[in-house]
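J.: What follows is query.csv, made up of CSV, C-alpha atoms:
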```
chain,number,residue,atom,x,y,z
C,12,MET,CA,-10.0,-25.3,-18.7
C,13,ASP,CA,-13.3,-24.7,-17.0
C,14,LEU,CA,-14.4,-22.1,-14.5
C,15,ILE,CA,-15.9,-22.9,-11.1
C,16,THR,CA,-19.4,-21.4,-11.5
C,17,THR,CA,-21.5,-23.2,-8.9
C,18,THR,CA,-21.5,-22.9,-5.1
C,19,GLY,CA,-21.3,-26.7,-4.8
C,20,ASP,CA,-18.1,-27.0,-6.8
C,21,LEU,CA,-16.6,-24.0,-4.9
C,22,ASP,CA,-17.5,-25.6,-1.6
C,23,ALA,CA,-15.9,-28.9,-2.7
C,24,PHE,CA,-12.6,-27.2,-3.7
C,25,CYS,CA,-12.4,-25.2,-0.5
C,26,ALA,CA,-12.9,-28.4,1.6
C,27,ARG,CA,-10.0,-30.0,-0.3
C,28,ALA,CA,-7.8,-26.9,0.0
C,29,ALA,CA,-8.3,-26.7,3.8
C,30,ARG,CA,-6.3,-29.9,4.1
C,31,TYR,CA,-3.1,-28.3,2.8
C,32,ASP,CA,-0.5,-26.2,4.5
C,33,PHE,CA,-0.8,-23.4,2.0
C,34,ILE,CA,-2.7,-22.1,-1.0
C,35,THR,CA,-1.7,-19.5,-3.6
C,36,VAL,CA,-4.2,-16.8,-4.4
C,37,ASP,CA,-4.6,-14.1,-7.0
C,38,THR,CA,-7.5,-11.9,-8.4
C,39,GLU,CA,-8.4,-10.1,-11.5
C,40,PHE,CA,-10.4,-7.0,-11.0
C,41,LEU,CA,-11.5,-3.7,-12.5
C,42,ARG,CA,-11.2,-0.3,-10.7
C,43,GLU,CA,-10.8,2.4,-13.3
C,44,THR,CA,-14.3,3.8,-12.8
C,45,THR,CA,-15.1,2.7,-9.2
C,46,TYR,CA,-14.0,3.4,-5.7
C,47,TRP,CA,-14.2,-0.2,-4.7
C,48,PRO,CA,-12.4,-2.8,-6.8
C,49,LYS,CA,-14.8,-5.0,-8.7
C,50,LEU,CA,-13.8,-8.7,-8.4
C,51,CYS,CA,-14.0,-10.3,-11.8
C,52,LEU,CA,-12.0,-13.6,-11.4
C,53,LEU,CA,-10.4,-15.5,-8.5
C,54,GLN,CA,-7.5,-17.9,-8.9
C,55,ALA,CA,-6.4,-20.3,-6.3
C,56,ALA,CA,-4.1,-23.3,-6.2
C,57,THR,CA,-2.9,-26.0,-3.8
C,58,VAL,CA,0.1,-28.2,-4.4
C,59,ASP,CA,-2.1,-30.6,-6.4
C,60,GLU,CA,-4.6,-28.5,-8.3
C,61,ALA,CA,-5.3,-25.0,-9.6
C,62,VAL,CA,-8.7,-23.5,-10.2
C,63,LEU,CA,-10.4,-20.5,-11.6
C,64,ILE,CA,-13.5,-19.2,-9.8
C,65,ASP,CA,-16.1,-17.0,-11.4
C,66,PRO,CA,-17.5,-14.6,-8.8
C,67,LEU,CA,-19.7,-12.9,-11.5
C,68,THR,CA,-21.8,-16.0,-11.9
C,69,PRO,CA,-25.4,-15.2,-10.8
C,70,GLY,CA,-26.2,-16.8,-7.5
C,71,ILE,CA,-22.8,-18.2,-6.6
C,72,ASP,CA,-22.0,-18.0,-2.9
C,73,MET,CA,-18.4,-17.2,-2.0
C,74,SER,CA,-18.8,-17.9,1.7
C,75,SER,CA,-16.7,-21.1,1.7
C,76,PHE,CA,-13.8,-19.3,0.1
C,77,LEU,CA,-14.0,-16.5,2.6
C,78,THR,CA,-14.0,-19.2,5.4
C,79,LEU,CA,-10.9,-20.7,3.8
C,80,LEU,CA,-9.2,-17.3,3.9
C,81,ASP,CA,-10.1,-17.1,7.6
C,82,ASN,CA,-8.6,-20.5,8.4
C,83,PRO,CA,-5.4,-19.9,10.4
C,84,ASN,CA,-4.0,-23.3,9.6
C,85,VAL,CA,-3.7,-22.7,5.9
C,86,ARG,CA,-1.2,-20.1,4.7
C,87,LYS,CA,-2.5,-17.8,2.0
C,88,VAL,CA,0.3,-16.9,-0.4
C,89,PHE,CA,-0.1,-13.7,-2.6
C,90,HIS,CA,2.2,-11.6,-4.7
C,91,ALA,CA,1.8,-7.9,-4.1
C,92,ALA,CA,-1.1,-8.7,-1.8
C,93,ARG,CA,-2.5,-5.3,-0.8
C,94,GLN,CA,-5.2,-4.8,-3.5
C,95,ASP,CA,-6.2,-8.5,-3.4
C,96,ILE,CA,-6.7,-8.4,0.3
C,97,GLU,CA,-8.6,-5.1,0.0
C,98,ILE,CA,-11.2,-7.0,-2.1
C,99,PHE,CA,-11.6,-9.7,0.5
C,100,VAL,CA,-11.8,-7.1,3.4
C,101,LYS,CA,-14.7,-5.5,1.5
C,102,MET,CA,-16.4,-8.9,1.0
C,103,SER,CA,-15.9,-10.2,4.6
C,104,GLY,CA,-14.9,-7.3,6.8
C,105,LYS,CA,-11.8,-9.2,7.8
C,106,VAL,CA,-8.2,-9.6,6.7
C,107,PRO,CA,-7.3,-13.1,5.7
C,108,GLN,CA,-5.4,-15.0,8.3
C,109,ASN,CA,-1.9,-16.3,8.0
C,110,ILE,CA,-0.8,-14.4,4.8
C,111,PHE,CA,2.5,-14.4,3.0
C,112,ASP,CA,3.4,-11.9,0.4
C,113,THR,CA,6.2,-13.1,-2.0
C,114,GLN,CA,6.9,-9.5,-3.1
C,115,VAL,CA,7.8,-8.7,0.5
C,116,ALA,CA,9.8,-11.8,0.9
C,117,ALA,CA,11.6,-11.2,-2.3
C,118,SER,CA,12.5,-7.6,-1.2
C,119,VAL,CA,14.3,-8.9,1.9
C,120,CYS,CA,16.1,-11.6,-0.1
C,121,GLY,CA,17.8,-9.2,-2.5
C,122,PHE,CA,15.4,-9.2,-5.5
C,123,GLY,CA,14.9,-5.4,-5.3
C,124,ASP,CA,12.1,-3.2,-4.2
C,125,SER,CA,8.6,-4.1,-5.5
C,126,VAL,CA,9.8,-6.7,-7.9
C,127,SER,CA,7.1,-7.7,-10.4
C,128,TYR,CA,5.6,-11.2,-10.5
C,129,ASP,CA,6.9,-12.0,-14.0
C,130,ASN,CA,10.4,-10.9,-13.1
C,131,LEU,CA,10.4,-12.9,-9.9
C,132,VAL,CA,9.1,-16.1,-11.8
C,133,ARG,CA,11.8,-15.6,-14.4
C,134,SER,CA,14.6,-15.2,-11.7
C,135,ILE,CA,13.5,-18.2,-9.7
C,136,THR,CA,12.1,-20.7,-12.2
C,137,GLY,CA,13.5,-19.5,-15.5
C,138,VAL,CA,9.9,-19.4,-17.0
C,139,GLU,CA,9.0,-16.5,-19.2
C,140,LEU,CA,5.4,-15.6,-18.7
C,141,ASP,CA,3.1,-14.3,-21.4
C,142,LYS,CA,1.6,-11.1,-19.9
C,143,SER,CA,-0.3,-10.0,-23.1
C,144,SER,CA,-3.6,-10.6,-21.4
C,145,ARG,CA,-2.9,-8.4,-18.4
C,146,PHE,CA,-5.0,-5.5,-19.5
C,147,THR,CA,-7.9,-7.4,-21.1
C,148,ASP,CA,-11.5,-6.9,-19.9
C,149,TRP,CA,-11.9,-9.4,-17.1
C,150,ALA,CA,-15.6,-8.6,-16.6
C,151,ALA,CA,-16.5,-9.8,-20.2
C,152,ARG,CA,-17.8,-13.3,-20.6
C,153,PRO,CA,-16.9,-15.8,-21.9
C,154,LEU,CA,-13.2,-15.6,-21.0
C,155,SER,CA,-10.9,-16.7,-23.7
C,156,GLU,CA,-8.6,-19.7,-23.3
C,157,LYS,CA,-5.6,-17.3,-23.4
C,158,GLN,CA,-7.1,-15.3,-20.5
C,159,LYS,CA,-7.6,-18.5,-18.5
C,160,THR,CA,-4.0,-19.7,-19.1
C,161,TYR,CA,-2.7,-16.3,-18.1
C,162,ALA,CA,-4.8,-16.2,-15.0
C,163,LEU,CA,-3.8,-19.7,-13.8
C,164,ALA,CA,-0.1,-18.9,-14.3
C,165,ASP,CA,-0.4,-16.3,-11.6
C,166,VAL,CA,-1.0,-19.0,-9.0
C,167,THR,CA,0.7,-22.1,-10.4
C,168,HIS,CA,4.2,-20.6,-10.7
C,169,LEU,CA,3.6,-18.8,-7.4
C,170,ARG,CA,3.9,-22.2,-5.7
C,171,ASP,CA,7.5,-22.6,-6.8
C,172,VAL,CA,8.3,-19.0,-6.0
C,173,TYR,CA,6.9,-19.4,-2.5
C,174,ALA,CA,8.9,-22.5,-1.8
C,175,ALA,CA,12.1,-20.9,-3.0
C,176,LEU,CA,11.6,-17.7,-1.0
C,177,VAL,CA,10.7,-19.5,2.2
C,178,ALA,CA,14.0,-21.4,1.9
C,179,ARG,CA,16.0,-18.2,1.3
C,180,VAL,CA,14.4,-16.3,4.1
C,181,GLN,CA,15.2,-19.1,6.5
C,182,GLU,CA,18.7,-19.5,5.3
C,183,SER,CA,19.4,-15.8,5.6
C,184,GLY,CA,17.9,-15.6,9.1
C,185,ARG,CA,15.5,-12.8,8.0
C,186,SER,CA,12.2,-14.4,9.1
C,187,ASP,CA,11.7,-11.5,11.5
C,188,TRP,CA,12.2,-9.0,8.6
C,189,VAL,CA,9.3,-10.7,6.7
C,190,GLU,CA,7.2,-10.8,9.9
C,191,ASP,CA,7.6,-7.1,10.5
C,192,GLU,CA,6.6,-6.3,6.9
C,193,MET,CA,3.5,-8.5,7.2
C,194,GLY,CA,2.3,-6.4,10.1
C,195,VAL,CA,1.1,-3.7,7.7
C,196,LEU,CA,-0.7,-6.2,5.5
C,197,ASN,CA,-2.4,-7.8,8.6
C,198,SER,CA,-3.8,-4.5,9.8
C,199,ILE,CA,-7.3,-3.8,8.6
C,200,ARG,CA,-6.5,-0.1,8.7
C,201,THR,CA,-4.4,-0.7,5.7
C,202,TYR,CA,-7.5,-1.3,3.6
C,203,VAL,CA,-10.2,0.7,5.2
C,204,VAL,CA,-10.0,4.5,4.9
C,205,GLU,CA,-12.2,6.3,7.4
C,206,PRO,CA,-13.3,9.7,5.9
C,207,GLU,CA,-12.0,11.6,8.9
C,208,ASN,CA,-8.5,10.2,8.2
C,209,ALA,CA,-8.5,10.7,4.4
C,210,TRP,CA,-6.5,14.0,4.6
C,211,GLU,CA,-3.5,12.0,5.8
C,212,ARG,CA,-3.1,10.6,2.2
C,213,LEU,CA,-2.5,14.1,0.8
C,214,LYS,CA,1.0,15.4,0.7
C,215,SER,CA,0.3,19.0,1.5
C,216,ARG,CA,2.5,21.7,2.9
C,217,LEU,CA,-0.3,23.7,4.4
C,218,HIS,CA,0.6,25.1,7.8
C,219,LYS,CA,-2.1,27.7,8.7
C,220,PRO,CA,-4.5,26.1,11.2
C,221,ARG,CA,-7.6,27.1,9.3
C,222,ASP,CA,-6.2,25.9,6.0
C,223,VAL,CA,-5.4,22.5,7.6
C,224,ALA,CA,-8.8,22.3,9.2
C,225,ALA,CA,-10.4,23.0,5.8
C,226,LEU,CA,-8.3,20.3,4.1
C,227,ARG,CA,-9.3,17.8,6.7
C,228,GLU,CA,-13.0,18.5,6.3
C,229,LEU,CA,-12.9,18.6,2.5
C,230,ALA,CA,-10.9,15.4,2.3
C,231,ALA,CA,-13.4,13.7,4.5
C,232,TRP,CA,-16.3,15.0,2.4
C,233,ARG,CA,-14.6,13.7,-0.8
C,234,GLU,CA,-13.9,10.3,0.7
C,235,LYS,CA,-17.4,9.8,1.9
C,236,ARG,CA,-18.9,11.0,-1.4
C,237,ALA,CA,-16.5,8.7,-3.4
C,238,GLN,CA,-17.5,5.7,-1.2
C,239,ASP,CA,-21.2,6.4,-1.3
C,240,THR,CA,-21.3,6.9,-5.1
C,241,ASP,CA,-18.6,4.2,-5.7
C,242,GLN,CA,-16.4,6.4,-7.9
C,243,PRO,CA,-12.7,7.2,-7.8
C,244,ARG,CA,-11.6,10.1,-5.5
C,245,SER,CA,-10.2,11.9,-8.5
C,246,ARG,CA,-13.5,11.8,-10.3
C,247,VAL,CA,-15.1,13.6,-7.3
C,248,LEU,CA,-12.3,16.1,-7.0
C,249,LYS,CA,-8.6,16.0,-7.7
C,250,ASP,CA,-6.0,16.4,-5.0
C,251,ASP,CA,-4.8,19.8,-6.2
C,252,ALA,CA,-8.4,21.1,-6.3
C,253,LEU,CA,-8.8,20.0,-2.6
C,254,VAL,CA,-5.7,21.9,-1.6
C,255,GLU,CA,-6.8,25.1,-3.5
C,256,LEU,CA,-10.2,24.9,-2.0
C,257,ALA,CA,-8.7,24.6,1.5
C,258,THR,CA,-6.7,27.8,1.0
C,259,GLN,CA,-9.2,29.9,-1.0
C,260,ARG,CA,-12.4,28.6,0.7
C,261,PRO,CA,-15.0,29.9,-1.7
C,262,GLN,CA,-18.4,30.6,-0.2
C,263,SER,CA,-20.4,31.3,-3.4
C,264,GLN,CA,-21.0,29.8,-6.8
C,265,GLU,CA,-19.2,32.7,-8.4
C,266,ALA,CA,-16.1,32.3,-6.3
C,267,PHE,CA,-15.5,28.8,-7.8
C,268,GLU,CA,-15.0,30.4,-11.2
C,269,LYS,CA,-11.8,32.1,-9.9
C,270,LEU,CA,-10.2,28.8,-9.0
C,271,ARG,CA,-7.7,27.2,-11.3
C,272,ALA,CA,-8.0,23.6,-10.2
C,273,VAL,CA,-11.8,23.1,-10.7
C,274,GLN,CA,-13.5,23.0,-14.0
C,275,ARG,CA,-15.7,25.8,-15.3
C,276,GLY,CA,-19.3,25.6,-14.1
C,277,PHE,CA,-18.4,23.5,-11.1
C,278,GLY,CA,-19.9,26.2,-8.8
C,279,ARG,CA,-23.4,25.3,-10.1
C,280,SER,CA,-23.1,21.6,-9.2
C,281,SER,CA,-24.6,19.9,-6.1
C,282,ALA,CA,-21.0,19.1,-5.0
C,283,ALA,CA,-20.2,22.8,-4.9
C,284,GLY,CA,-23.1,23.4,-2.7
C,285,GLU,CA,-21.9,20.7,-0.3
C,286,ILE,CA,-18.4,22.1,-0.3
C,287,ILE,CA,-19.7,25.6,0.5
C,288,ASP,CA,-21.5,24.1,3.5
C,289,VAL,CA,-18.2,22.4,4.6
C,290,ILE,CA,-16.2,25.6,4.2
C,291,LYS,CA,-18.8,27.6,6.2
C,292,ARG,CA,-18.5,25.2,9.1
C,293,VAL,CA,-14.7,25.6,9.0
C,294,GLU,CA,-14.9,29.4,8.9
C,295,ALA,CA,-17.2,29.2,12.0
C,296,LEU,CA,-14.7,27.3,14.1
C,297,SER,CA,-13.1,29.2,16.9
C,298,LYS,CA,-9.3,29.5,17.2
C,299,ASN,CA,-9.5,27.0,20.0
C,300,GLU,CA,-11.2,24.4,17.8
C,301,LEU,CA,-8.6,24.7,15.0
C,302,PRO,CA,-5.7,22.2,14.7
C,303,LYS,CA,-2.5,23.3,16.3
C,304,ALA,CA,-0.1,24.9,13.9
C,305,PRO,CA,3.1,22.8,13.4
C,306,ASP,CA,6.1,23.9,15.3
C,307,ARG,CA,8.8,25.6,13.3
C,308,TYR,CA,11.9,23.5,13.2
C,309,ARG,CA,15.2,25.2,14.0
C,310,GLY,CA,17.6,22.3,13.7
C,311,PRO,CA,19.7,21.0,10.8
C,312,SER,CA,18.3,20.9,7.3
C,313,PRO,CA,17.4,17.4,6.0
C,314,LYS,CA,19.2,18.3,2.8
C,315,GLY,CA,22.4,19.3,4.7
C,316,ALA,CA,25.5,17.4,5.8
C,317,THR,CA,23.7,15.2,8.3
C,318,GLY,CA,21.3,14.0,5.7
C,319,ASP,CA,24.2,13.3,3.3
C,320,LEU,CA,26.0,11.2,5.9
C,321,LEU,CA,22.8,9.2,6.6
C,322,ARG,CA,22.4,8.5,2.9
C,323,VAL,CA,26.0,7.3,2.7
C,324,LEU,CA,25.3,5.0,5.7
C,325,LEU,CA,22.1,3.7,4.0
C,326,LYS,CA,23.9,2.9,0.8
C,327,SER,CA,26.7,1.1,2.7
C,328,VAL,CA,24.2,-0.9,4.9
C,329,ALA,CA,22.2,-1.9,1.9
C,330,GLU,CA,25.3,-3.1,0.0
C,331,GLN,CA,26.4,-5.1,3.0
C,332,ASN,CA,23.1,-6.9,3.3
C,333,GLY,CA,22.4,-7.3,-0.4
C,334,VAL,CA,19.1,-5.4,-0.5
C,335,ALA,CA,17.9,-2.2,-2.2
C,336,PRO,CA,18.3,0.9,-0.1
C,337,ARG,CA,14.6,1.8,-0.4
C,338,ILE,CA,13.7,-1.4,1.4
C,339,ILE,CA,15.6,-0.2,4.5
C,340,ALA,CA,14.8,3.6,4.4
C,341,THR,CA,13.3,6.1,2.0
C,342,SER,CA,14.5,9.6,1.4
C,343,ASP,CA,11.6,10.9,3.4
C,344,ASP,CA,12.6,8.6,6.3
C,345,ILE,CA,16.0,10.1,6.3
C,346,ASP,CA,14.7,13.6,6.2
C,347,SER,CA,12.4,12.8,9.2
C,348,ILE,CA,15.3,11.2,11.2
C,349,VAL,CA,17.4,14.3,10.6
C,350,LEU,CA,14.6,16.4,12.0
C,351,ASP,CA,13.5,14.1,14.9
C,352,ASP,CA,15.3,11.3,16.8
C,353,ALA,CA,11.9,9.8,17.5
C,354,ALA,CA,10.4,10.2,14.0
C,355,ASP,CA,7.5,7.8,13.4
C,356,VAL,CA,9.0,6.2,10.3
C,357,PRO,CA,9.7,2.5,9.4
C,358,ALA,CA,13.5,3.1,9.4
C,359,LEU,CA,13.3,3.5,13.2
C,360,LYS,CA,11.2,0.4,13.8
C,361,GLY,CA,11.8,-3.3,14.0
C,362,TRP,CA,14.6,-4.9,11.9
C,363,ARG,CA,15.2,-1.6,10.1
C,364,ARG,CA,16.1,0.1,13.4
C,365,LYS,CA,18.6,-2.6,14.3
C,366,LEU,CA,20.1,-2.6,10.8
C,367,PHE,CA,20.2,1.1,10.1
C,368,GLY,CA,18.2,3.3,12.5
C,369,GLU,CA,20.3,3.0,15.5
C,370,LYS,CA,23.5,3.7,13.5
C,371,ALA,CA,21.8,6.7,12.0
C,372,LEU,CA,20.9,8.1,15.4
C,373,ALA,CA,24.5,7.4,16.5
C,374,ILE,CA,25.8,9.5,13.6
C,375,LYS,CA,23.5,12.3,14.5
C,376,SER,CA,24.7,12.3,18.1
C,377,GLY,CA,28.4,12.2,17.1
C,378,LYS,CA,28.9,8.7,18.5
C,379,LEU,CA,29.6,7.1,15.1
C,380,GLY,CA,31.6,8.2,12.1
C,381,LEU,CA,32.1,7.0,8.6
C,382,ALA,CA,35.3,6.7,6.6
C,383,ALA,CA,36.3,5.5,3.1
C,384,SER,CA,38.5,2.5,2.7
C,385,LYS,CA,39.5,0.1,-0.1
C,386,LYS,CA,36.7,-2.2,1.1
C,387,GLY,CA,34.1,0.6,0.9
C,388,VAL,CA,32.6,2.7,3.7
C,389,ILE,CA,33.5,1.7,7.2
C,390,GLU,CA,32.0,2.7,10.5
C,391,ILE,CA,34.1,4.2,13.2
C,392,GLU,CA,33.0,4.4,16.8
C,393,VAL,CA,33.7,7.9,18.1
C,394,LEU,CA,35.2,7.9,21.6
C,395,ASP,CA,34.2,10.5,24.2
C,396,ASP,CA,36.8,13.1,25.1
C,397,GLU,CA,37.0,11.5,28.6
C,398,ASP,CA,38.2,8.3,27.0
```
Represent the structure from my file as structure tokens, please.

T.:
Amino acid sequence: MDLITTTGDLDAFCARAARYDFITVDTEFLRETTYWPKLCLLQAATVDEAVLIDPLTPGIDMSSFLTLLDNPNVRKVFHAARQDIEIFVKMSGKVPQNIFDTQVAASVCGFGDSVSYDNLVRSITGVELDKSSRFTDWAARPLSEKQKTYALADVTHLRDVYAALVARVQESGRSDWVEDEMGVLNSIRTYVVEPENAWERLKSRLHKPRDVAALRELAAWREKRAQDTDQPRSRVLKDDALVELATQRPQSQEAFEKLRAVQRGFGRSSAAGEIIDVIKRVEALSKNELPKAPDRYRGPSPKGATGDLLRVLLKSVAEQNGVAPRIIATSDDIDSIVLDDAADVPALKGWRRKLFGEKALAIKSGKLGLAASKKGVIEIEVLDDED
């Protein structure tokens, strides 16, 4: 079981693969100590062959494989594609064309939310995969035969899984569901974090305009530093430290010693000096330059009766369609819908809106009711008084 270690062999495989309707793709990478994932091994398979490609071989040119990923006539099949695609976006600056994620397809076919590859293979093919090599050092060479066998299984069984799921999606008439889900994976914004938008990843309840401004600036600083030094965000500064810095806004080395979320002595570091500069810029902002404070909501509580009704509706809709509730709407989605009829959440978009969102809004407006029956929860249209 040999690795492809030359540009010529890789080019030849890619030329053969380009003649097929689809290829299956997977990667092995390391990321524990870096911001960017380090590609250690690439697996790919057509209907007739499966290969391992060694991207760590000195001098190997991966261009032909990136060209294959960009070929719209060949579908690229992944399982849980996001991190794999992130690697290719970093290499080429583009999202692969014509992608299909079997984890997404499985979720709309009733296999549950975020089903693992080995569980999906077991359910569809009956094969029990050996996952003991999952956490081995993929950067070490030579790779063992056990590692190679494990790696190839991630693309060979994926062919059968893909064929079965395509058939189920078509039979269930849920192709538009899968298409909607692929929209996120097809967007380059899914994989590229601009420093100025990094604060959006933080779940913070800060409401004071200057606190929010500080959090935005500090998150941007951390993201850029993590990218420039290729280290995880948490190694630069943890999330709770960012939030504490945004509210306390220390402007001297000594002030850092009073913070709970940063380690002792941090105030003497070069990072602390940069943070102080960021905070001073935030403090110098005029009121007009600060972000607008969020409006105080005066309507029903997301945890009240309306939210309870929407959760009952969600469970009923999920049971009727044979999918996990989280695939249709999350708890946060429901909270947002209770607060805002036009909430920017997946549950009010695409197939989810047709299936659940419109009914949820109808319940909120008093046009739809729910009742218990021997067959489960039933929906009752509420007539206007004039009727």

J.: Considering only C-alpha atoms, state which residue in the set C:Met73, C:Glu43, C:Lys49, C:Leu394 is at the smallest distance from Ala23 in chain C.

T.: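 For Ala23 in chain C, the nearest of the given residues is C:Met73.
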
J.: Excluding Leu176 in chain C and any residue of its chain fewer than 6 positions from it, enumerate the residues within 10 Å of it, using all atoms listed in the file, and give them as number ranges by chain.

T.: C: 113-117, 119-120, 135, 182

J.: To one decimal place in Å, what is the distance between CA of Phe367 in chain C and CA of Lys385 in chain C?

T.: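 Computing it gives 21.9 Å between the two atoms.
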
J.: Would you kindly identify which residues have an atom no farther than 12 Å from (-16.8, 1.9, -14.1), using only C-alpha atoms and the file's own coordinates, and write them out as a PyMOL selection string?

T.: chain C and resi 40-49+148+150+240-243+246

J.: Could you list, as a ChimeraX atom specification, every residue within 10 Å of range 219-230 of chain C, counting only C-alpha atoms and ignoring same-chain residues fewer than 2 positions away?

T.: /C:206-213,215-217,232-236,244,248,250,253-260,285-287,289-294,296-298,300-305

J.: How far is it from CA of Lys249 in chain C to CA of Phe146 in chain C, in Å with one decimal?

T.: 24.8 Å

J.: Quick one: everything within 12 Å of Pro153 in chain C, counting only C-alpha atoms, minus sequence neighbours fewer than 2 positions away in the same chain. Send it as a PyMOL selection string.

T.: chain C and resi 13-14+51-52+65+67-68+148-151+155-159

J.: Starting from the point (-10.9, -4.1, 3.4), work out which residues of protein, DNA or RNA have an atom no more than 10 Å away when counting only C-alpha atoms; state them as an mmCIF file with C-alpha atoms, in the coordinates of the input.

T.:
```cif
data_model
loop_
_atom_site.group_PDB
_atom_site.id
_atom_site.type_symbol
_atom_site.label_atom_id
_atom_site.label_comp_id
_atom_site.auth_asym_id
_atom_site.auth_seq_id
_atom_site.Cartn_x
_atom_site.Cartn_y
_atom_site.Cartn_z
ATOM 1 C CA TRP C 47 -14.200 -0.200 -4.700
ATOM 2 C CA ARG C 93 -2.500 -5.300 -0.800
ATOM 3 C CA GLN C 94 -5.200 -4.800 -3.500
ATOM 4 C CA ASP C 95 -6.200 -8.500 -3.400
ATOM 5 C CA ILE C 96 -6.700 -8.400 0.300
ATOM 6 C CA GLU C 97 -8.600 -5.100 0.000
ATOM 7 C CA ILE C 98 -11.200 -7.000 -2.100
ATOM 8 C CA PHE C 99 -11.600 -9.700 0.500
ATOM 9 C CA VAL C 100 -11.800 -7.100 3.400
ATOM 10 C CA LYS C 101 -14.700 -5.500 1.500
ATOM 11 C CA MET C 102 -16.400 -8.900 1.000
ATOM 12 C CA SER C 103 -15.900 -10.200 4.600
ATOM 13 C CA GLY C 104 -14.900 -7.300 6.800
ATOM 14 C CA LYS C 105 -11.800 -9.200 7.800
ATOM 15 C CA VAL C 106 -8.200 -9.600 6.700
ATOM 16 C CA PRO C 107 -7.300 -13.100 5.700
ATOM 17 C CA SER C 198 -3.800 -4.500 9.800
ATOM 18 C CA ILE C 199 -7.300 -3.800 8.600
ATOM 19 C CA ARG C 200 -6.500 -0.100 8.700
ATOM 20 C CA THR C 201 -4.400 -0.700 5.700
ATOM 21 C CA TYR C 202 -7.500 -1.300 3.600
ATOM 22 C CA VAL C 203 -10.200 0.700 5.200
ATOM 23 C CA VAL C 204 -10.000 4.500 4.900
#
```

J.: Which residue gives the smallest distance to Phe111 in chain C among C:Glu205, C:Glu139, C:Glu192, C:Asp319, with only C-alpha atoms counted?

T.: C:Glu192

J.: Enter the distance from CA of Gly380 in chain C to CA of Ala335 in chain C, in Å, rounded to one decimal.

T.: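 For CA of Gly380 in chain C relative to CA of Ala335 in chain C, the distance reads 22.4 Å.
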
J.: Give the answer as one residue: which of C:Val334, C:Asp37, C:Val323, C:Ala353 has the shortest atom-to-atom distance to Ala383 in chain C, using all atoms listed in the file?

T.: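 Closest to Ala383 in chain C of all the choices is C:Val323.
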
J.: Neighbouring residues of Lys378 in chain C were defined as those with any atom within 10 Å, considering all atoms listed in the file; residues of the same chain fewer than 4 positions away were excluded. Please report them as a PDB file with C-alpha atoms, in the frame of the given file.

T.:
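Saved to part.pdb:
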```pdb
ATOM      1  CA  LYS C 370      23.500   3.700  13.500  1.00  0.00           C
ATOM      2  CA  ALA C 371      21.800   6.700  12.000  1.00  0.00           C
ATOM      3  CA  LEU C 372      20.900   8.100  15.400  1.00  0.00           C
ATOM      4  CA  ALA C 373      24.500   7.400  16.500  1.00  0.00           C
ATOM      5  CA  ILE C 374      25.800   9.500  13.600  1.00  0.00           C
ATOM      6  CA  ILE C 391      34.100   4.200  13.200  1.00  0.00           C
ATOM      7  CA  GLU C 392      33.000   4.400  16.800  1.00  0.00           C
ATOM      8  CA  VAL C 393      33.700   7.900  18.100  1.00  0.00           C
ATOM      9  CA  LEU C 394      35.200   7.900  21.600  1.00  0.00           C
ATOM     10  CA  ASP C 395      34.200  10.500  24.200  1.00  0.00           C
TER      11      ASP C 395
END
```

J.: Taking all atoms listed in the file into account, which of C:Asp59, C:Glu390, C:Glu369, C:Glu190 comes nearest Phe24 in chain C?

T.: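 Closest candidate: C:Asp59.
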
J.: Nearest to Ala237 in chain C: which of C:Ser342, C:Ala282, C:Arg133, C:Pro83 is it, counting all atoms listed in the file?

T.: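 The answer is C:Ala282, which sits nearest to Ala237 in chain C.
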
J.: Have a look at C:Trp362, C:Arg185, C:Arg322, C:Glu330 and name the one nearest to Asp344 in chain C; count only C-alpha atoms.

T.: C:Arg322

J.: Please provide as JSON, numbers by chain all residues within 10 Å of Gln264 in chain C, with the sequence filter that same-chain residues fewer than 4 positions apart are discarded (counting all atoms listed in the file).

T.: {"C": [268, 269, 276, 277, 278, 279, 280, 283, 284, 287]}
